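Source file: target-v9.cif; contents: mmCIF, C-alpha atoms.
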```cif
data_data
loop_
_atom_site.group_PDB
_atom_site.id
_atom_site.type_symbol
_atom_site.label_atom_id
_atom_site.label_comp_id
_atom_site.auth_asym_id
_atom_site.auth_seq_id
_atom_site.Cartn_x
_atom_site.Cartn_y
_atom_site.Cartn_z
ATOM 1 C CA MET A 1095 20.287 2.433 15.700
ATOM 2 C CA TYR A 1096 22.484 -0.626 15.495
ATOM 3 C CA PRO A 1097 25.020 -0.747 12.626
ATOM 4 C CA VAL A 1098 23.504 -3.434 10.416
ATOM 5 C CA GLY A 1099 21.026 -1.384 8.392
ATOM 6 C CA LEU A 1100 21.215 -0.644 4.706
ATOM 7 C CA GLN A 1101 21.473 2.808 3.209
ATOM 8 C CA ALA A 1102 18.129 4.087 1.919
ATOM 9 C CA GLN A 1103 17.701 3.842 -1.843
ATOM 10 C CA HIS A 1104 15.115 5.122 -4.301
ATOM 11 C CA PHE A 1105 12.945 3.105 -6.654
ATOM 12 C CA ASN A 1106 13.729 4.487 -10.102
ATOM 13 C CA TRP A 1107 11.097 3.544 -12.670
ATOM 14 C CA LYS A 1108 9.381 4.645 -15.858
ATOM 15 C CA ALA A 1109 6.732 3.274 -18.216
ATOM 16 C CA GLY A 1110 8.160 1.577 -21.295
ATOM 17 C CA ARG A 1111 6.839 1.985 -24.821
ATOM 18 C CA ASP A 1112 4.678 -1.123 -24.379
ATOM 19 C CA ALA A 1113 3.387 0.189 -20.994
ATOM 20 C CA TRP A 1114 5.595 -2.259 -19.087
ATOM 21 C CA ILE A 1115 7.143 -0.814 -15.928
ATOM 22 C CA MET A 1116 10.893 -0.403 -16.356
ATOM 23 C CA SER A 1117 13.266 0.042 -13.422
ATOM 24 C CA LYS A 1118 16.963 0.549 -12.918
ATOM 25 C CA LYS A 1119 19.200 -0.402 -10.049
ATOM 26 C CA THR A 1120 21.175 2.122 -8.045
ATOM 27 C CA GLY A 1121 24.362 2.966 -9.915
ATOM 28 C CA SER A 1122 23.071 1.662 -13.245
ATOM 29 C CA SER A 1123 22.062 3.799 -16.217
ATOM 30 C CA GLU A 1124 19.997 1.100 -17.943
ATOM 31 C CA TYR A 1125 16.317 0.372 -17.376
ATOM 32 C CA GLU A 1126 15.100 -3.230 -17.365
ATOM 33 C CA LYS A 1127 11.634 -4.771 -17.238
ATOM 34 C CA PHE A 1128 10.390 -4.832 -13.664
ATOM 35 C CA PHE A 1129 8.902 -8.075 -12.360
ATOM 36 C CA ALA A 1130 7.069 -7.550 -9.070
ATOM 37 C CA ILE A 1131 7.430 -10.442 -6.621
ATOM 38 C CA GLY A 1132 5.689 -9.410 -3.447
ATOM 39 C CA THR A 1133 4.090 -10.741 -0.300
ATOM 40 C CA TRP A 1134 1.633 -9.541 2.317
ATOM 41 C CA HIS A 1135 3.502 -11.205 5.194
ATOM 42 C CA VAL A 1136 7.077 -12.444 5.437
ATOM 43 C CA PRO A 1137 6.738 -16.079 6.590
ATOM 44 C CA GLY A 1138 8.780 -16.653 9.734
ATOM 45 C CA TYR A 1139 9.377 -12.963 10.452
ATOM 46 C CA SER A 1140 7.164 -10.798 12.682
ATOM 47 C CA PHE A 1141 6.819 -7.066 12.047
ATOM 48 C CA THR A 1142 6.740 -4.920 15.188
ATOM 49 C CA ASN A 1143 6.509 -1.202 15.881
ATOM 50 C CA SER A 1144 9.139 -1.319 18.633
ATOM 51 C CA PRO A 1145 12.944 -1.390 18.376
ATOM 52 C CA GLU A 1146 14.963 -4.481 19.204
ATOM 53 C CA ALA A 1147 16.052 -4.806 22.823
ATOM 54 C CA ASP A 1148 19.778 -4.799 22.076
ATOM 55 C CA GLU A 1149 22.349 -5.113 19.311
ATOM 56 C CA GLN A 1150 22.322 -8.913 19.346
ATOM 57 C CA ALA A 1151 18.539 -9.031 18.905
ATOM 58 C CA TYR A 1152 18.828 -6.461 16.136
ATOM 59 C CA ARG A 1153 21.441 -8.488 14.268
ATOM 60 C CA GLU A 1154 19.431 -11.685 14.657
ATOM 61 C CA ASN A 1155 16.226 -10.066 13.375
ATOM 62 C CA ALA A 1156 18.080 -8.412 10.507
ATOM 63 C CA ALA A 1157 19.573 -11.755 9.461
ATOM 64 C CA LEU A 1158 16.183 -13.469 9.804
ATOM 65 C CA PHE A 1159 14.457 -10.822 7.709
ATOM 66 C CA LYS A 1160 17.122 -11.005 5.013
ATOM 67 C CA LYS A 1161 16.799 -14.792 4.822
ATOM 68 C CA LYS A 1162 12.989 -14.958 4.865
ATOM 69 C CA SER A 1163 12.441 -12.064 2.452
ATOM 70 C CA GLU A 1164 15.103 -13.143 -0.043
ATOM 71 C CA PRO A 1165 12.588 -14.434 -2.684
ATOM 72 C CA PHE A 1166 10.744 -11.089 -2.775
ATOM 73 C CA ASN A 1167 11.601 -7.660 -4.122
ATOM 74 C CA MET A 1168 8.643 -5.871 -2.538
ATOM 75 C CA LEU A 1169 6.405 -6.364 0.482
ATOM 76 C CA PHE A 1170 3.598 -4.696 2.386
ATOM 77 C CA VAL A 1171 5.007 -2.692 5.288
ATOM 78 C CA THR A 1172 2.722 -0.853 7.683
ATOM 79 C CA PRO A 1173 4.253 2.576 8.384
ATOM 80 C CA GLY A 1174 5.810 2.448 11.831
ATOM 81 C CA THR A 1175 6.949 -1.176 11.557
ATOM 82 C CA GLN A 1176 9.788 -0.539 9.097
ATOM 83 C CA LYS A 1177 13.411 -1.129 10.128
ATOM 84 C CA ASP A 1178 16.464 0.183 8.340
ATOM 85 C CA TYR A 1179 17.577 -3.344 7.397
ATOM 86 C CA MET A 1180 14.481 -3.475 5.153
ATOM 87 C CA ALA A 1181 15.657 -0.554 3.010
ATOM 88 C CA ASP A 1182 16.645 -2.635 -0.022
ATOM 89 C CA LYS A 1183 13.067 -3.902 -0.456
ATOM 90 C CA ILE A 1184 10.300 -1.920 -2.129
ATOM 91 C CA HIS A 1185 7.760 -1.017 0.538
ATOM 92 C CA ILE A 1186 4.119 -1.320 -0.527
ATOM 93 C CA LEU A 1187 2.190 1.400 1.299
ATOM 94 C CA ASN A 1188 -1.447 0.484 1.889
ATOM 95 C CA PRO A 1189 -3.069 2.788 4.473
ATOM 96 C CA PHE A 1190 -6.108 3.553 2.345
ATOM 97 C CA SER A 1191 -8.674 1.038 3.565
ATOM 98 C CA PRO A 1192 -8.715 2.352 7.165
ATOM 99 C CA MET A 1193 -8.572 5.864 5.713
ATOM 100 C CA LEU A 1194 -11.781 5.222 3.763
ATOM 101 C CA HIS A 1195 -13.488 3.603 6.743
ATOM 102 C CA ALA A 1196 -12.704 6.659 8.873
ATOM 103 C CA TYR A 1197 -14.474 8.832 6.301
ATOM 104 C CA ILE A 1198 -17.444 6.462 5.925
ATOM 105 C CA ASP A 1199 -17.889 6.320 9.704
ATOM 106 C CA LYS A 1200 -18.896 9.996 9.591
ATOM 107 C CA ILE A 1201 -21.681 9.439 7.033
ATOM 108 C CA PRO A 1202 -25.002 9.386 8.929
ATOM 109 C CA GLY A 1203 -27.811 6.887 8.497
ATOM 110 C CA LEU A 1204 -25.912 3.911 7.109
ATOM 111 C CA PRO A 1205 -27.672 0.545 7.618
ATOM 112 C CA GLU A 1206 -26.257 -1.962 10.076
ATOM 113 C CA GLY A 1207 -26.541 -5.739 10.013
ATOM 114 C CA ASP A 1208 -25.093 -8.480 7.844
ATOM 115 C CA ASP A 1209 -25.112 -6.339 4.692
ATOM 116 C CA LYS A 1210 -23.556 -3.221 6.202
ATOM 117 C CA ASP A 1211 -20.324 -3.650 4.214
ATOM 118 C CA TYR A 1212 -22.236 -3.520 0.951
ATOM 119 C CA TYR A 1213 -23.946 -0.272 1.938
ATOM 120 C CA ARG A 1214 -20.648 1.217 3.083
ATOM 121 C CA SER A 1215 -19.244 0.559 -0.381
ATOM 122 C CA LEU A 1216 -22.250 2.240 -1.977
ATOM 123 C CA ALA A 1217 -21.904 5.224 0.352
ATOM 124 C CA ILE A 1218 -18.275 5.940 -0.504
ATOM 125 C CA LYS A 1219 -19.105 5.527 -4.191
ATOM 126 C CA GLU A 1220 -21.751 8.247 -3.892
ATOM 127 C CA HIS A 1221 -19.256 10.628 -2.249
ATOM 128 C CA VAL A 1222 -16.381 10.006 -4.659
ATOM 129 C CA ASN A 1223 -16.665 13.349 -6.489
ATOM 130 C CA SER A 1224 -17.599 15.520 -3.542
ATOM 131 C CA PRO A 1225 -15.186 18.371 -2.696
ATOM 132 C CA GLU A 1226 -15.235 17.247 0.941
ATOM 133 C CA PHE A 1227 -13.993 13.770 0.032
ATOM 134 C CA GLU A 1228 -11.252 15.154 -2.208
ATOM 135 C CA GLN A 1229 -10.114 17.522 0.533
ATOM 136 C CA TYR A 1230 -10.082 14.638 3.000
ATOM 137 C CA LEU A 1231 -7.982 12.473 0.666
ATOM 138 C CA ASP A 1232 -5.566 15.329 -0.022
ATOM 139 C CA ALA A 1233 -5.009 15.933 3.696
ATOM 140 C CA GLU A 1234 -4.458 12.241 4.449
ATOM 141 C CA ILE A 1235 -2.146 11.734 1.463
ATOM 142 C CA LYS A 1236 -0.117 14.755 2.586
ATOM 143 C CA LYS A 1237 0.455 13.022 5.934
ATOM 144 C CA ILE A 1238 1.721 9.928 4.102
ATOM 145 C CA SER A 1239 4.074 11.914 1.872
ATOM 146 C CA GLU A 1240 5.557 13.689 4.890
ATOM 147 C CA ASN A 1241 6.295 10.399 6.677
ATOM 148 C CA LEU A 1242 7.445 8.008 3.972
ATOM 149 C CA PRO A 1243 9.062 4.992 5.658
ATOM 150 C CA ASN A 1244 11.479 4.167 2.855
ATOM 151 C CA GLY A 1245 12.999 5.638 -0.288
ATOM 152 C CA LYS A 1246 11.879 2.628 -2.315
ATOM 153 C CA TYR A 1247 8.095 2.452 -2.247
ATOM 154 C CA ILE A 1248 4.930 2.073 -4.271
ATOM 155 C CA TYR A 1249 1.309 2.611 -3.285
ATOM 156 C CA SER A 1250 -1.489 0.075 -3.075
ATOM 157 C CA HIS A 1251 -4.711 1.980 -2.565
ATOM 158 C CA ILE A 1252 -6.820 -1.029 -1.739
ATOM 159 C CA ASP A 1253 -6.971 -4.780 -1.655
ATOM 160 C CA GLU A 1254 -8.979 -6.297 -4.464
ATOM 161 C CA ILE A 1255 -10.432 -3.256 -6.177
ATOM 162 C CA ALA A 1256 -13.045 -5.181 -8.176
ATOM 163 C CA LEU A 1257 -14.200 -7.955 -5.892
ATOM 164 C CA GLY A 1258 -13.029 -7.989 -2.365
ATOM 165 C CA GLY A 1259 -11.526 -6.547 0.730
ATOM 166 C CA VAL A 1260 -10.160 -7.857 3.980
ATOM 167 C CA GLY A 1261 -13.186 -6.468 5.836
ATOM 168 C CA LYS A 1262 -15.729 -8.194 3.546
ATOM 169 C CA TRP A 1263 -16.348 -4.983 1.674
ATOM 170 C CA ALA A 1264 -15.326 -3.774 -1.757
ATOM 171 C CA VAL A 1265 -13.798 -0.473 -2.780
ATOM 172 C CA PRO A 1266 -15.579 0.749 -5.933
ATOM 173 C CA SER A 1267 -13.274 1.190 -8.911
ATOM 174 C CA SER A 1268 -14.249 4.871 -9.119
ATOM 175 C CA VAL A 1269 -12.911 5.363 -5.581
ATOM 176 C CA GLY A 1270 -9.674 3.571 -6.434
ATOM 177 C CA ALA A 1271 -9.283 5.793 -9.491
ATOM 178 C CA LYS A 1272 -9.928 8.886 -7.363
ATOM 179 C CA ILE A 1273 -7.238 7.847 -4.873
ATOM 180 C CA SER A 1274 -4.751 7.309 -7.717
ATOM 181 C CA ASN A 1275 -5.599 10.721 -9.153
ATOM 182 C CA ARG A 1276 -5.156 12.535 -5.842
ATOM 183 C CA LEU A 1277 -1.940 10.613 -5.120
ATOM 184 C CA LYS A 1278 -0.380 11.743 -8.379
ATOM 185 C CA LYS A 1279 -1.248 15.364 -7.709
ATOM 186 C CA GLN A 1280 1.065 15.274 -4.690
ATOM 187 C CA ASP A 1281 3.531 12.587 -5.770
ATOM 188 C CA LYS A 1282 4.166 13.080 -9.484
ATOM 189 C CA ASN A 1283 6.093 9.824 -9.711
ATOM 190 C CA ALA A 1284 3.574 7.702 -7.804
ATOM 191 C CA LEU A 1285 3.372 4.076 -8.892
ATOM 192 C CA VAL A 1286 0.111 2.440 -7.790
ATOM 193 C CA PHE A 1287 -0.416 -1.313 -7.531
ATOM 194 C CA VAL A 1288 -3.953 -2.648 -8.036
ATOM 195 C CA ASP A 1289 -5.088 -6.194 -7.274
ATOM 196 C CA LEU A 1290 -8.098 -6.824 -9.512
ATOM 197 C CA LEU A 1291 -9.499 -9.912 -7.797
ATOM 198 C CA GLY A 1292 -10.367 -10.735 -4.229
ATOM 199 C CA HIS A 1293 -12.639 -12.453 -1.767
ATOM 200 C CA SER A 1294 -15.491 -10.082 -1.010
ATOM 201 C CA LYS A 1295 -18.600 -11.572 0.566
ATOM 202 C CA GLY A 1296 -21.123 -12.839 -1.977
ATOM 203 C CA SER A 1297 -21.360 -12.141 -5.701
ATOM 204 C CA THR A 1298 -23.322 -8.879 -5.525
ATOM 205 C CA TYR A 1299 -20.173 -6.853 -6.089
ATOM 206 C CA PHE A 1300 -19.281 -8.859 -9.165
ATOM 207 C CA PHE A 1301 -22.586 -8.239 -10.925
ATOM 208 C CA GLU A 1302 -23.044 -4.615 -9.864
#
```
What does this structure look like when you write it as structure tokens?
Amino acid sequence: MYPVGLQAQHFNWKAGRDAWIMSKKTGSSEYEKFFAIGTWHVPGYSFTNSPEADEQAYRENAALFKKKSEPFNMLFVTPGTQKDYMADKIHILNPFSPMLHAYIDKIPGLPEGDDKDYYRSLAIKEHVNSPEFEQYLDAEIKKISENLPNGKYIYSHIDEIALGGVGKWAVPSSVGAKISNRLKKQDKNALVFVDLLGHSKGSTYFFE
């Protein structure tokens, strides 16, 4: 790889006495309150899963990323699109929505039509405590832990746990809690980000 990248670091954190997340910078012995400033996309920069064509393109993209991501200390990065010049940012790992859909797709007899997303949410809620679902989560989480894209990372097990989802469906809070539980069995120091509001279709989810 071209010689512009940053050396991988680790995100060192702990919970403070008031439950605030405390972090410390590399080389420092003091923990400070952590303020998360993140973004889903980096405006003006395009993530790709392919390497730059040459060293000049690499340097230009590295400089562009550094400039455009400067206001943020963490950002969503799809595994496979990371570059080593992103190593100083906290990577938010969020592969769990497609993971859940892959499991739901195997459940027979689910209704189709305009309300299918609602019934998919109900279906995964009904399976949340099944041994098969736990085994599935454990196997998928193991794959993540074996291919971490960056030393500095946190997890985000869904978008909008209470009321939303990019695919017009909502992940029940019990499923989010199950994912967090299974994550921490394999990654003892897992820090999980939860977005409590969203844009799910209709208000049914809110009143359920």
(request) Evaluate the PyMOL selection byres ((chain A and resi 1227) around 12) and record the selected residues as a count of residues only, following the chain and residue labels used in the document. (result) 28
I'd like a table as CSV: residues in stretch 1202-1256 of chain A with an atom no more than 6 Å from stretch 1174-1187 of chain A, each row giving the shortest atom pair and its distance in Å to one decimal, all atoms listed in the file counted, sorted by chain and rising residue number.
```
residue,atom,partner,partner_atom,distance
A:Lys1246,CA,A:Ile1184,CA,4.8
A:Tyr1247,CA,A:His1185,CA,4.5
A:Ile1248,CA,A:Ile1186,CA,5.1
A:Tyr1249,CA,A:Leu1187,CA,4.8
A:Ser1250,CA,A:Leu1187,CA,5.9
```
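Running the PyMOL selection byres ((chain A and resi 1116) around 10) on this file leaves Asn1106, Trp1107, Lys1108, Ala1109, Gly1110, Arg1111, Ala1113, Trp1114, Ile1115, Ser1117, Lys1118, Glu1124, Tyr1125, Glu1126, Lys1127, Phe1128 and Phe1129 of chain A selected.
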(message) Using Å and a single decimal, report how far atom CA of A:Tyr1213 sits from atom CA of A:Pro1192.
(response) 16.3 Å
(message) For this structure, which residues satisfy the selection - the PyMOL selection byres ((chain A and resi 1279-1286) around 8) - when it is evaluated on the file as given? I want them as a VMD selection string.
(response) chain A and resid 1235 to 1236 1239 1248 to 1251 1274 to 1278 1287 to 1288
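In this comparison, which uses only C-alpha atoms, the residue of A:Gly1207, A:Gly1138, A:Gly1245, A:Pro1173 approaching A:Leu1158 most closely is A:Gly1138.
Residue nearest A:Asn1155, chosen from A:Pro1189, A:Thr1142, A:Phe1170, A:Ala1130 and counting all atoms listed in the file: A:Thr1142.
Going from atom CA of A:Lys1160 over to atom CA of A:Ser1140, you cover 12.6 Å.
Taking all atoms listed in the file into account, A:Leu1242 lies nearest to A:Val1171 out of the set A:Ser1163, A:Gly1270, A:Val1171, A:Asp1112.
Here atom CA of A:Arg1153 and atom CA of A:Val1136 stand 17.3 Å from one another.
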